[in-house]
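Some notes on the structure that comes next.
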Amino acid sequence: MAWLIALLQTLLFIALAPLLAGWLKCCKCRLQNRRAPSLLQPYRDLRKLSHKQPVVARQASWIFTITPYIVFSATVLAASVVPLIAVDLPTAAIADVIVMVGFFALARFFQALAGMDIGTAFGGMGSSREMTIASLAEPAMLMAIFTLAMSASTTNLSVAIDHVLAGGFVLRPSYVFALLGLMLVAIAETGRIPVDNPATHLELTMIHEAMILEYSGRHLALIEWASQIKLMLYGVLIANIFFPWGIAETYSLEALGSGLLAITGKLALLAVLLALSETLLAKMRLFRVQEFLGFAYLLSLLGMLSHIILEVID
Amino acid sequence: MALFLAYCSVVTAVMSGVLALASGQRSGLQRITAALLNAKATHLAERFPKLPGYAEFIFTKERYPSLLRQAVFVLLGTCGVFAVLGGIAIMAADGAVIDQLSYGLPWLSWHVRFDSLSGFFHCVIGIAVIAVALYGPGYVNEFEESKHPFSVLGLFTGLFVAGMLLVPLADDAFFFVIAWELMSVASYFLVTWQHERSANRRAGFIYLLMAEVGAIALILAFGVLAGFSGGLTFAAMRSAELTPLWASIAFSLALLGYGMKAGLVPIHVWLPEAHPVAPSHISALMSGVMLKVAVYGFIRFAFDLLGDMQWQWGLAVLILGTASAVLGVLYAIMQHNLKRLLAYHSVENIGIIFMGLGLSMIFASSGHPKLAVLGLLAALFHTLNHALFKSLLFLGAGAILHQTHEADIERMGGLIHRMPKTAALFLIGCVAISALPLFNGFVSEWLTFQAALQAGVLESGVLRSLVPITAAVLALTGALAAACFVKVYGVVFLGAPRSSKVSHAHEVRSRGMLAGPALLAALCFLFGIFPTPVINGLNSVAGNLLNATLPSVSAMGWLWLTPVSSDVASYSAPLVLLAALLVGTLVSWVLHRVKETANRRADLWECGFGGVTPRMQYTSSAFSMPLRRIFKTVWEVDETIVREPAGAKGQRTAVVRYQLHIGDHAWRFIYHPIAHAVTTAARHIGKIQTGNIRVYLGYSFFTLLFLLWVIS
């Protein structure tokens, strides 16, 4: 039963990710006085792409063609360990939060390799920038997560959420800092403004798009879908770790239903916030990103220190 | 039995070295054999009529060198097999065997002790030696035409391996130092094997100098222990009662000595010099295994011989380890000589191992023996893993060097098309060393993270806040390592070839040159998916040292890894692999159902301009440019752009050259001042050497007076 629910939850995760991307685009368009495409547009795009024949450069090796599958699988695995609508699911035990970060690293590793496979300047540029940003973002993210892990004394996401739920709503300085740090990291990792602009194809500013420039057809569909899942995953992490209320703790139908409603509401709200910040901010220069991520790291570090100094009772 | 196997491995290693000496002696041996066969007294030729035929077959001019090479490496491989078997036997028996050999000093015979820790390191050495023995015959073929005799290479390889195998067996300080020096000196001759290049001689000198300084520190450390115990045997040293101050002095000396061999920052500088210049299979042994022998020595000294640990030691080791990890990878990322880059990665990985050891010492000294076991376990597992993937990468680098004669990665590219099998094996090494899930490097780093995250139990607030920061630095290290290996793999194997040598390279011909790396790659994957059996074995190794074991490592069965308890953290690599395969195949099946087409091959997109050339690709220095700007204080960056003007008044620029030199701060701030001080002091002392006999007689007179004054 639990495994079945875990499977359904993962499928739901995969299925809802494009919807979140559509909603985000919708909010952004409204905020910028543009007419919004339909909420279902990302699904249509994926469908269109998966029906097209992929074009692969002659120079490409097997790394290039296998990468979309690795990226998608790793992202789905990461999604399967994050509690979406219910906690205490068995999948959370397969991999803890450090392994989840490892899945992202695996996906990124192959994505960057595929960027360099063809031998164009764009691909190398995207790979170099992506790996640079990731190497700064990863410690900041793990630091934020370690704050939580040390206070809940676990790296199992489900158990950590249980710990927050059991503690009730307490304003802890460490969580506030960790939340802020994680939000900044999430922006960098999912390639949103001000770190990267998913809508641009300008060589000076591209990061993620430069790596996947040569992809088409079903390969592109998989990569696009994976990045939508990744965006949603960071949203779910922020929503469910720091505001877990509403998540189903039993497997009854109504608990699961209210869990679904709760996470939908939380994600919709987070997407509005993200759209607002993307509208208000401009993309920053590449060599400002380290300051941005350094700030995220500092916030996470403050969270850790305030946990150790203020919250540990000897 | 286990000890017998260990002896066998040492003896076969020495035998392979001695056999290599025969490589230049073909005609002499032929004569001796002929004389033996024809001698009436033995009747050999009559009793075995086929023998002369065999002898003739062996001693033909064409076959003899290659047969001898094969035989040498077969013996070396046998030595590796014996070492692994002996190690496994002693780990399974979970005991210790003691023996005495009647060599050495008249009053001190060599004490031998083979326990599970020694057994584990014998396994590590053995696996790498087997892979090298498979790889070696194909690789040294290249040197057939060169003037460097195979006999020297083979002899010192045998002695080097024998030395490494003897170090874990030693049970008294005298024998230990003898074995240690055998290892150091033999490897010096391997580093300087191609001595006509000045870089090799320089690297060899630095290596020998630092190895000997380290050895002096070690001898002094043993001296402190011997002073308190009154004997040179380890058994006496274990029972010695040291004052905390002397214990700290002994520990610092040992850390200096072993750290110098292992390559901790800032005493790592010999490593990136010596490893690239040795033949690649030797680099694999030096980087993959010899550094591990230093780790063994450190564990033996700090966890076994010294009594109670102090938390300050653990903190020092943790900080040194963290610094080595992050600086090692930052230096590595700027290199463009493949083997030098890999050598810097050894500094990084040794740093990670010492982080685990430091955590273990902190926990052990503050009364948490189970968590100390966790830290030690992580360190030991990473030791094994690093030996596997670093040897794999060095062997892969050797294959590239062998086929392209190119060491600079800026001139490579596209080798995945030219050398597909080597490329696949090298990729496994890259993924494993970048600590990505499903491979072994990830498991040991994950265990190190888990150990660091238990810092909440510590009493001291300083430690409690420092330890998670080191964990975050470890995360930075892992991410930078991934960036570095994307660079390496992307520039070497992907894209288009950047030089004609590389574009005409071929896959290695010898099967052994693929089998050696393939064995290591298979083990990388195997230990990544099924870490529990190894970790259970290491649990008892660590348990013997710390008198505690982790009860729950595999409490949920072999599928699950639960270092502390299943609530705290769990990881199931087999299930992850299963799920990944399931998702991957399902998705590809669905997509191919939706639209059943093969990929269309076409020209790449050239932005409409046409003429994409290999020079337009990102190079290694271009790839690392953003990191170079972000962390610029870490290196001595010397960047110059040279413009050569052309035209009548020099208004045109004909050529633009970009030169980049990345220096190591350790040289400027530590080694150059020391070298300068030594030369200045020598110059000043040299002034007393006047060349005048009267002055010398005066010196003798005053020395005599002084000595008389001292004894009176």
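By convention here, the chains of the structure tokens are called A, B, ... in the order presented, each chain's residues are numbered starting at 1, and ligands are numbered starting at 1 in the order presented.
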Write down as a count of residues only the residues belonging to region 222-299 of chain A that are assigned helix (DSSP H, G or I) by DSSP computed on the backbone. 63
6 Å contacts from chain B to chain A using only C-alpha atoms, as a VMD selection string: chain B and resid 436 to 437 472 475 to 476 479 to 480 483 486 490 494 to 496 568 to 572 580 583 to 584 595 599 to 604 616 to 618 623
Selection export as an mmCIF file, in the first residue's frame, atoms kept: C-alpha atoms:
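Final file, part16.cif:
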```
data_model
loop_
_atom_site.group_PDB
_atom_site.id
_atom_site.type_symbol
_atom_site.label_atom_id
_atom_site.label_comp_id
_atom_site.auth_asym_id
_atom_site.auth_seq_id
_atom_site.Cartn_x
_atom_site.Cartn_y
_atom_site.Cartn_z
ATOM 1 C CA LEU B 436 28.318 10.702 -7.991
ATOM 2 C CA PRO B 437 25.675 8.208 -6.862
ATOM 3 C CA ALA B 472 30.141 22.078 3.738
ATOM 4 C CA ALA B 475 30.478 19.519 -0.412
ATOM 5 C CA LEU B 476 32.384 22.279 -2.195
ATOM 6 C CA ALA B 479 31.220 19.826 -6.591
ATOM 7 C CA LEU B 480 34.576 21.199 -7.746
ATOM 8 C CA ALA B 483 33.545 20.342 -12.454
ATOM 9 C CA VAL B 486 33.709 17.371 -16.642
ATOM 10 C CA GLY B 490 35.009 16.964 -22.037
ATOM 11 C CA LEU B 494 34.624 14.797 -26.337
ATOM 12 C CA GLY B 495 34.469 17.449 -29.003
ATOM 13 C CA ALA B 496 36.861 17.467 -31.945
ATOM 14 C CA VAL B 568 18.819 8.953 10.855
ATOM 15 C CA ALA B 569 19.930 8.068 7.373
ATOM 16 C CA SER B 570 19.670 5.249 4.934
ATOM 17 C CA TYR B 571 20.849 4.597 1.410
ATOM 18 C CA SER B 572 20.077 1.657 -0.776
ATOM 19 C CA ALA B 580 17.007 4.243 -12.414
ATOM 20 C CA VAL B 583 12.652 4.751 -15.263
ATOM 21 C CA GLY B 584 15.193 4.919 -18.068
ATOM 22 C CA LYS B 595 7.055 8.132 -32.464
ATOM 23 C CA ASN B 599 17.810 9.830 -34.625
ATOM 24 C CA ARG B 600 18.627 11.768 -37.765
ATOM 25 C CA ARG B 601 22.312 12.554 -38.150
ATOM 26 C CA ALA B 602 23.049 16.015 -39.491
ATOM 27 C CA ASP B 603 25.721 18.684 -39.476
ATOM 28 C CA LEU B 604 25.972 20.668 -36.322
ATOM 29 C CA MET B 616 36.688 27.293 -31.463
ATOM 30 C CA GLN B 617 36.003 24.742 -28.773
ATOM 31 C CA TYR B 618 36.322 25.553 -25.133
ATOM 32 C CA PHE B 623 36.600 25.970 -19.020
#
```
Rounded to one decimal, what separation in Å do you get between CA of Leu357 (chain B) and CA of Leu374 (chain B)? 9.7 Å
Write out as a list of chain:residue names each polymer residue whose atoms come within 8 Å of Val317 (chain B), counting only C-alpha atoms; drop sequence neighbours fewer than 3 positions from it. B:Trp313, B:Gly314, B:Leu320, B:Gly321, B:Phe354, B:Met355, B:Leu357, B:Gly358
Figure out the distance between CA of Tyr135 (chain B) and CA of Thr157 (chain B), please, to one decimal in Å. 13.7 Å
Which is closer to Ala407 (chain B) than all the others in B:Val502, B:Leu627, B:Met15, B:Ala379, using only C-alpha atoms? B:Val502
I need the residue nearest Thr250 (chain A) from this list: A:Ala79, A:Ile85, A:Ala15, A:Leu273. Use only C-alpha atoms for the distance.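 The answer is A:Ile85, which sits nearest to Thr250 (chain A).
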Hey, what's within 9 Å of region 346-349 of chain B if we count only C-alpha atoms and toss same-chain stuff fewer than 5 positions away? As an MDAnalysis selection string, please? chainID B and resid 262:265 268 271:272 287:288 291 321:330 332 341 354 382:383 386 390 433 477 481
